[in-house]
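S.K.: Please read through the structure below; I'll follow up with questions.
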Amino acid sequence: MTSIKDSGNISKEDGIVTVKGWVQDIRNLGGISFITLRDRHGTLQITMPKKKIDPDLFESLTRLSRESVIAVTGEVKESNQTALGVEVIPTAFELCSEAGVPLPMGVVDKVNVEMDTRLNNRFMDLRKPEVKAVFEIRSMVIGLISEAMAKNGFVNINTPKIVASGAEGGATLFSVDYFGKPAYLAQSPQLYKQMLMSTGLDRVFEIGPAFRAEHSNTNRHVTEFISFDGEMAWINKEEDVMAMIEEAIDYVLVNLKERGKKHLEVLGKEITVPKRPYPLLTYTECLKMAVDRGLPLKDGDDLGTEGEKIIGDIMAEKGNDLYFIIEYPEEAKPFYIMEKEGTGLSFSFDLDYKGQEISSGGQREHRYPELVKRMEKKGLDPNDFESYLNAFRYGMPPHGGWGIGVDRLVAKILDLPNVREAILFPRDIGRLSP
RNA sequence: GCCCCGGUAGUGUAGUGGCCUAUCAUGAAGCCCUGUCGAGGCUUCGACUCGGAUUCGAAUUCCGGCCGGGGCGCCA
């Protein structure tokens, strides 16, 4: 009997098998030749002793181009000279797809390949186990987020990505021609998830794309990213939101450490689950810490990237990879954030992970008159937000929420040097293809 | 948007006015080899981002375009 197996779970007891995959490498020693066959799960050696197999079979297998896709039928034999402890002696094979020569980039070559070349040939790049593993992990992270949210009674929602107005102002919106009317790609589900707080669906979350036409050129910005947004009603203060996000992230890390073992091993990474509760730093404290380390900042200055990194280093020394920064000045935060009356501060927070912001959130302004005041203070015209504001006119509970960059989260969990490494086909200011 | 830096075979690099008919590795093609797994040995193939300028002479200097990298601002 012939069975189809992936290369990761083959044993001698299988007898005759058919294995399918990519020809990663061929080593012809003259009287014997070897193929390393690769699939999603690993590699398997096909061994061809010249005198023991059909000469035509030996010849055609040995002459294949690297990365061709084949199906090989043969007998599984034990071998103390292969990593798996088994090898397959072929009796037949089918060439499913012949790979062109030369390859645009090697899968196992001993040369570095630049990220640009890799992204231009992402299909090939993803054949590398260590690249593929990132996306196995990413898939788990997203699954674990959903589990954590479901456990806490959150409803999984989808909000429109083609919208009539932005949440944060016009400069970073992508324009779309919507049957002759001006429209935009959504920067954030912010306004929609807040509107839902007035419906009784009092805990919602969404994992979906967000678009920002920012001319950013950094290792942590792309123009299309995946945002994990949450919003919850009936909160007393922004700490209720922070407790929820902490619980969700802890759930992700704890379970990923367990379930992601195989992929983490491929990447040579270990997950350190930070102690709970995550420390709270006020914005003012952070400024002071940065100044103490020699950064020339004044009161009211922005912490900046360098400041963020310094705080990250200080917290890392204490073993805190994740920490909240609270009490941001209200003018640094959007209109929908609630002010701490008379202080110039706001009920908002950022969550930083290893010196980089991965999330921001806070308590929202749910009181209609105050909300309109904040809009005006920010130079926005309330008339442009009529359908949003309507939801606040007829009974809106206190609420708050957050947004987390999923790509950044994955990049930080795995210590990837660039957020693009955590995105299959990243979109940035210069990249629209593939 | 601002400030730096770069572009040499399929991939990754060396080369800072003539020694370049351009280095090395990887790759590809061919040959030898019965236990390789970064196989080994021998032979061969393959490149100066584009357009101008300077010069007797440009991969090398200058200007512009295109493409890319790093950093900042902004944020997720």
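We label chains A, B, ... in the order they appear in the structure tokens, count residues from 1 in each chain, and number ligands from 1 in the order shown.
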Write out as a ChimeraX atom specification the residues lying within 9 Å of A:Gly30, counting only C-alpha atoms (C1' of nucleotides) and excluding same-chain residues fewer than 4 positions away.
M.R.: /A:50 /B:32-34
S.K.: Write a file of the selected residues as a PDB file, in the first residue's frame, keeping C-alpha atoms (C1' of nucleotides).
M.R.:
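Produced file again-v6.pdb, reproduced below:
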ATOM      1  CA  LYS A  50      23.204   3.307  -8.192  1.00  0.00           C
TER       2      LYS A  50
ATOM      3  C1'   C B  32      35.500  12.216 -11.429  1.00  0.00           C
ATOM      4  C1'   C B  33      33.901   9.859  -6.943  1.00  0.00           C
ATOM      5  C1'   U B  34      29.183   4.156  -3.123  1.00  0.00           C
TER       6        U B  34
END
S.K.: So that I can check the surroundings of stretch 10-26 of chain B, please list as a list in words every protein, DNA and RNA residue that reaches within 10 Å of it, counting only C-alpha atoms (C1' of nucleotides) and ignoring chain neighbours fewer than 3 positions away.
M.R.: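 Skipping anything fewer than 3 positions along the chain leaves Val101, Pro102, Leu103, Pro104, Met105, Gly106, Asp109, Lys110, Val111, Asn112, Val113, Glu114 and Thr117 of chain A; G46, A47, C48, U55, G57, A58, A59, U60 and U61 of chain B.
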S.K.: From the DSSP assignment of the backbone, select every residue of stretch 104-203 of chain A that is helix (DSSP H, G or I), and format the answer as an MDAnalysis selection string.
M.R.: chainID A and resid 115:120 122:125 129:151 190:196
S.K.: Would you write out those residues with N, CA and C atoms, as a short mmCIF file (atom, residue, chain, number, x, y, z; two decimals), in the first residue's frame?
M.R.:
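Writing the result to out29.cif gives the following:
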data_model
loop_
_atom_site.label_atom_id
_atom_site.label_comp_id
_atom_site.auth_asym_id
_atom_site.auth_seq_id
_atom_site.Cartn_x
_atom_site.Cartn_y
_atom_site.Cartn_z
N MET A 115 17.10 42.05 2.48
CA MET A 115 15.66 41.98 2.71
C MET A 115 14.88 42.38 1.46
N ASP A 116 15.37 43.34 0.72
CA ASP A 116 14.67 43.76 -0.48
C ASP A 116 14.55 42.62 -1.49
N THR A 117 15.65 41.91 -1.70
CA THR A 117 15.64 40.76 -2.60
C THR A 117 14.70 39.69 -2.07
N ARG A 118 14.74 39.50 -0.78
CA ARG A 118 13.87 38.49 -0.17
C ARG A 118 12.40 38.85 -0.34
N LEU A 119 12.07 40.12 -0.13
CA LEU A 119 10.67 40.52 -0.25
C LEU A 119 10.21 40.49 -1.71
N ASN A 120 11.13 40.79 -2.63
CA ASN A 120 10.78 40.70 -4.04
C ASN A 120 10.51 39.26 -4.45
N ARG A 122 9.34 36.79 -2.24
CA ARG A 122 8.86 36.32 -0.95
C ARG A 122 8.44 34.86 -1.00
N PHE A 123 7.87 34.40 -2.12
CA PHE A 123 7.44 33.00 -2.22
C PHE A 123 8.62 32.06 -2.00
N MET A 124 9.78 32.49 -2.48
CA MET A 124 10.98 31.66 -2.33
C MET A 124 11.54 31.81 -0.92
N ASP A 125 11.54 33.05 -0.44
CA ASP A 125 12.04 33.35 0.90
C ASP A 125 11.30 32.52 1.95
N PRO A 129 12.78 27.48 6.41
CA PRO A 129 12.06 27.13 7.64
C PRO A 129 12.01 28.28 8.65
N GLU A 130 13.10 29.03 8.76
CA GLU A 130 13.14 30.08 9.78
C GLU A 130 12.29 31.29 9.38
N VAL A 131 11.98 31.42 8.11
CA VAL A 131 11.09 32.50 7.68
C VAL A 131 9.65 32.05 7.84
N LYS A 132 9.41 30.83 7.40
CA LYS A 132 8.07 30.25 7.51
C LYS A 132 7.62 30.18 8.96
N ALA A 133 8.54 29.86 9.85
CA ALA A 133 8.19 29.69 11.27
C ALA A 133 7.59 30.96 11.86
N VAL A 134 8.05 32.12 11.39
CA VAL A 134 7.51 33.39 11.89
C VAL A 134 6.00 33.43 11.66
N PHE A 135 5.57 32.90 10.53
CA PHE A 135 4.15 33.01 10.20
C PHE A 135 3.32 31.89 10.82
N GLU A 136 3.96 30.80 11.13
CA GLU A 136 3.29 29.79 11.95
C GLU A 136 3.03 30.39 13.34
N ILE A 137 4.04 31.08 13.86
CA ILE A 137 3.91 31.74 15.17
C ILE A 137 2.84 32.83 15.10
N ARG A 138 2.91 33.63 14.05
CA ARG A 138 1.96 34.73 13.92
C ARG A 138 0.52 34.20 13.91
N SER A 139 0.34 33.12 13.19
CA SER A 139 -0.99 32.51 13.14
C SER A 139 -1.45 32.09 14.53
N MET A 140 -0.53 31.55 15.30
CA MET A 140 -0.87 31.15 16.67
C MET A 140 -1.20 32.37 17.54
N VAL A 141 -0.42 33.42 17.37
CA VAL A 141 -0.65 34.63 18.17
C VAL A 141 -2.07 35.13 17.92
N ILE A 142 -2.46 35.19 16.67
CA ILE A 142 -3.80 35.70 16.35
C ILE A 142 -4.87 34.76 16.90
N GLY A 143 -4.62 33.46 16.80
CA GLY A 143 -5.56 32.51 17.38
C GLY A 143 -5.68 32.66 18.89
N LEU A 144 -4.56 32.87 19.54
CA LEU A 144 -4.55 33.00 21.00
C LEU A 144 -5.23 34.29 21.45
N ILE A 145 -5.05 35.34 20.67
CA ILE A 145 -5.75 36.59 20.99
C ILE A 145 -7.26 36.34 20.99
N SER A 146 -7.73 35.66 19.95
CA SER A 146 -9.16 35.38 19.85
C SER A 146 -9.65 34.54 21.02
N GLU A 147 -8.83 33.55 21.40
CA GLU A 147 -9.19 32.72 22.55
C GLU A 147 -9.31 33.56 23.82
N ALA A 148 -8.32 34.41 24.04
CA ALA A 148 -8.31 35.23 25.25
C ALA A 148 -9.52 36.15 25.29
N MET A 149 -9.88 36.69 24.14
CA MET A 149 -11.02 37.60 24.07
C MET A 149 -12.32 36.84 24.31
N ALA A 150 -12.43 35.65 23.69
CA ALA A 150 -13.64 34.85 23.86
C ALA A 150 -13.83 34.48 25.33
N LYS A 151 -12.74 34.14 25.99
CA LYS A 151 -12.80 33.79 27.41
C LYS A 151 -13.36 34.93 28.26
N GLN A 190 -11.60 52.77 15.31
CA GLN A 190 -11.89 53.54 16.51
C GLN A 190 -13.35 53.99 16.63
N LEU A 191 -13.83 54.71 15.63
CA LEU A 191 -15.16 55.31 15.77
C LEU A 191 -16.25 54.25 15.79
N TYR A 192 -16.06 53.20 15.02
CA TYR A 192 -17.08 52.15 14.94
C TYR A 192 -17.16 51.34 16.23
N LYS A 193 -16.00 50.99 16.77
CA LYS A 193 -16.04 50.17 17.98
C LYS A 193 -16.63 50.98 19.13
N GLN A 194 -16.39 52.28 19.14
CA GLN A 194 -17.01 53.11 20.18
C GLN A 194 -18.52 53.20 20.00
N MET A 195 -18.96 53.35 18.75
CA MET A 195 -20.40 53.41 18.50
C MET A 195 -21.10 52.15 19.01
N LEU A 196 -20.40 51.01 18.89
CA LEU A 196 -20.99 49.75 19.35
C LEU A 196 -21.19 49.71 20.86
#
S.K.: Could you list, as a PyMOL selection string, the residues of chain B having an atom within 12 Å of chain A when counting only C-alpha atoms (C1' of nucleotides)?
M.R.: chain B and resi 1-2+9-13+25-29+31-41+46+67-76
S.K.: Need the shell around B:A53: protein/DNA/RNA residues with any atom at most 12 Å away, counting only C-alpha atoms (C1' of nucleotides). Skip same-chain ones fewer than 6 positions apart. Format as a list in words?
M.R.: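 Near neighbours after the sequence-gap exclusion: U61, C62, C63 and G64 of chain B.
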S.K.: Store the residues picked out above, limited to all heavy atoms, as a compact mmCIF listing (two decimals), in the first residue's frame.
M.R.:
# COMPACT_ATOMS: atom_id res chain seq x y z
P U B 61 34.15 57.59 -6.81
OP1 U B 61 34.57 57.62 -5.39
OP2 U B 61 32.74 57.31 -7.16
O5' U B 61 34.54 58.97 -7.51
C5' U B 61 35.59 59.78 -7.00
C4' U B 61 35.58 61.12 -7.69
O4' U B 61 36.08 60.96 -9.04
C3' U B 61 34.20 61.74 -7.88
O3' U B 61 33.78 62.41 -6.72
C2' U B 61 34.44 62.68 -9.06
O2' U B 61 35.09 63.87 -8.63
C1' U B 61 35.41 61.87 -9.91
N1 U B 61 34.74 61.09 -10.97
C2 U B 61 34.20 61.78 -12.05
O2 U B 61 34.24 63.00 -12.13
N3 U B 61 33.61 61.00 -13.01
C4 U B 61 33.50 59.64 -13.01
O4 U B 61 32.93 59.07 -13.95
C5 U B 61 34.08 58.98 -11.87
C6 U B 61 34.67 59.72 -10.91
P C B 62 32.22 62.55 -6.41
OP1 C B 62 32.11 63.09 -5.04
OP2 C B 62 31.53 61.29 -6.77
O5' C B 62 31.76 63.66 -7.44
C5' C B 62 32.21 65.01 -7.33
C4' C B 62 31.61 65.83 -8.44
O4' C B 62 32.09 65.34 -9.72
C3' C B 62 30.09 65.72 -8.56
O3' C B 62 29.43 66.59 -7.66
C2' C B 62 29.86 66.11 -10.02
O2' C B 62 29.93 67.50 -10.20
C1' C B 62 31.06 65.46 -10.70
N1 C B 62 30.77 64.11 -11.23
C2 C B 62 30.06 64.01 -12.45
O2 C B 62 29.70 65.05 -13.00
N3 C B 62 29.80 62.79 -12.97
C4 C B 62 30.21 61.68 -12.32
N4 C B 62 29.94 60.51 -12.87
C5 C B 62 30.92 61.76 -11.08
C6 C B 62 31.17 62.98 -10.58
P C B 63 27.99 66.16 -7.10
OP1 C B 63 27.67 67.10 -6.01
OP2 C B 63 27.96 64.70 -6.85
O5' C B 63 27.03 66.46 -8.34
C5' C B 63 26.82 67.80 -8.78
C4' C B 63 25.90 67.80 -9.97
O4' C B 63 26.56 67.13 -11.09
C3' C B 63 24.61 67.00 -9.81
O3' C B 63 23.63 67.71 -9.09
C2' C B 63 24.22 66.74 -11.26
O2' C B 63 23.66 67.89 -11.86
C1' C B 63 25.59 66.46 -11.89
N1 C B 63 25.90 65.01 -11.91
C2 C B 63 25.35 64.23 -12.95
O2 C B 63 24.63 64.77 -13.79
N3 C B 63 25.62 62.90 -12.98
C4 C B 63 26.40 62.35 -12.06
N4 C B 63 26.64 61.04 -12.13
C5 C B 63 26.97 63.12 -10.99
C6 C B 63 26.69 64.44 -10.96
P G B 64 22.55 66.91 -8.23
OP1 G B 64 21.76 67.90 -7.48
OP2 G B 64 23.25 65.82 -7.51
O5' G B 64 21.61 66.25 -9.34
C5' G B 64 20.76 67.08 -10.13
C4' G B 64 20.11 66.28 -11.22
O4' G B 64 21.15 65.70 -12.07
C3' G B 64 19.31 65.06 -10.79
O3' G B 64 18.03 65.38 -10.29
C2' G B 64 19.27 64.26 -12.08
O2' G B 64 18.35 64.82 -13.00
C1' G B 64 20.69 64.47 -12.60
N9 G B 64 21.56 63.38 -12.12
C8 G B 64 22.50 63.41 -11.11
N7 G B 64 23.10 62.26 -10.93
C5 G B 64 22.52 61.42 -11.87
C6 G B 64 22.77 60.05 -12.16
O6 G B 64 23.56 59.28 -11.61
N1 G B 64 21.95 59.59 -13.20
C2 G B 64 21.04 60.36 -13.87
N2 G B 64 20.34 59.74 -14.84
N3 G B 64 20.79 61.64 -13.63
C4 G B 64 21.57 62.09 -12.62
S.K.: Based on the backbone DSSP call, show me all residues of stretch 231-380 of chain A assigned strand (DSSP E or B), as an MDAnalysis selection string.
M.R.: chainID A and resid 231:233 280:282 322:326 329 337 339:340 345:346 348:353 356:364
S.K.: Considering only C-alpha atoms, can you say which of A:Gly362, A:Asn158, A:Glu231, A:Asn121 comes closest to A:Pro434?
M.R.: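 Using only C-alpha atoms, A:Pro434 sits closest to A:Asn121.
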S.K.: Contacts of A:Ile162 at 10 Å or less, counting only C-alpha atoms (C1' of nucleotides), minus same-chain residues fewer than 5 places along, as a PyMOL selection string?
M.R.: chain A and resi 174-176+178+183-187
S.K.: Rounded to one decimal place, report the atom CA of A:Asp229-atom CA of A:Asp250 distance in Å.
M.R.: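 Atom-to-atom, atom CA of A:Asp229 and atom CA of A:Asp250 are spaced 16.4 Å apart.
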S.K.: In Å, how far is it from atom CA of A:Glu339 to atom CA of A:Glu376?
M.R.: 14.0 Å
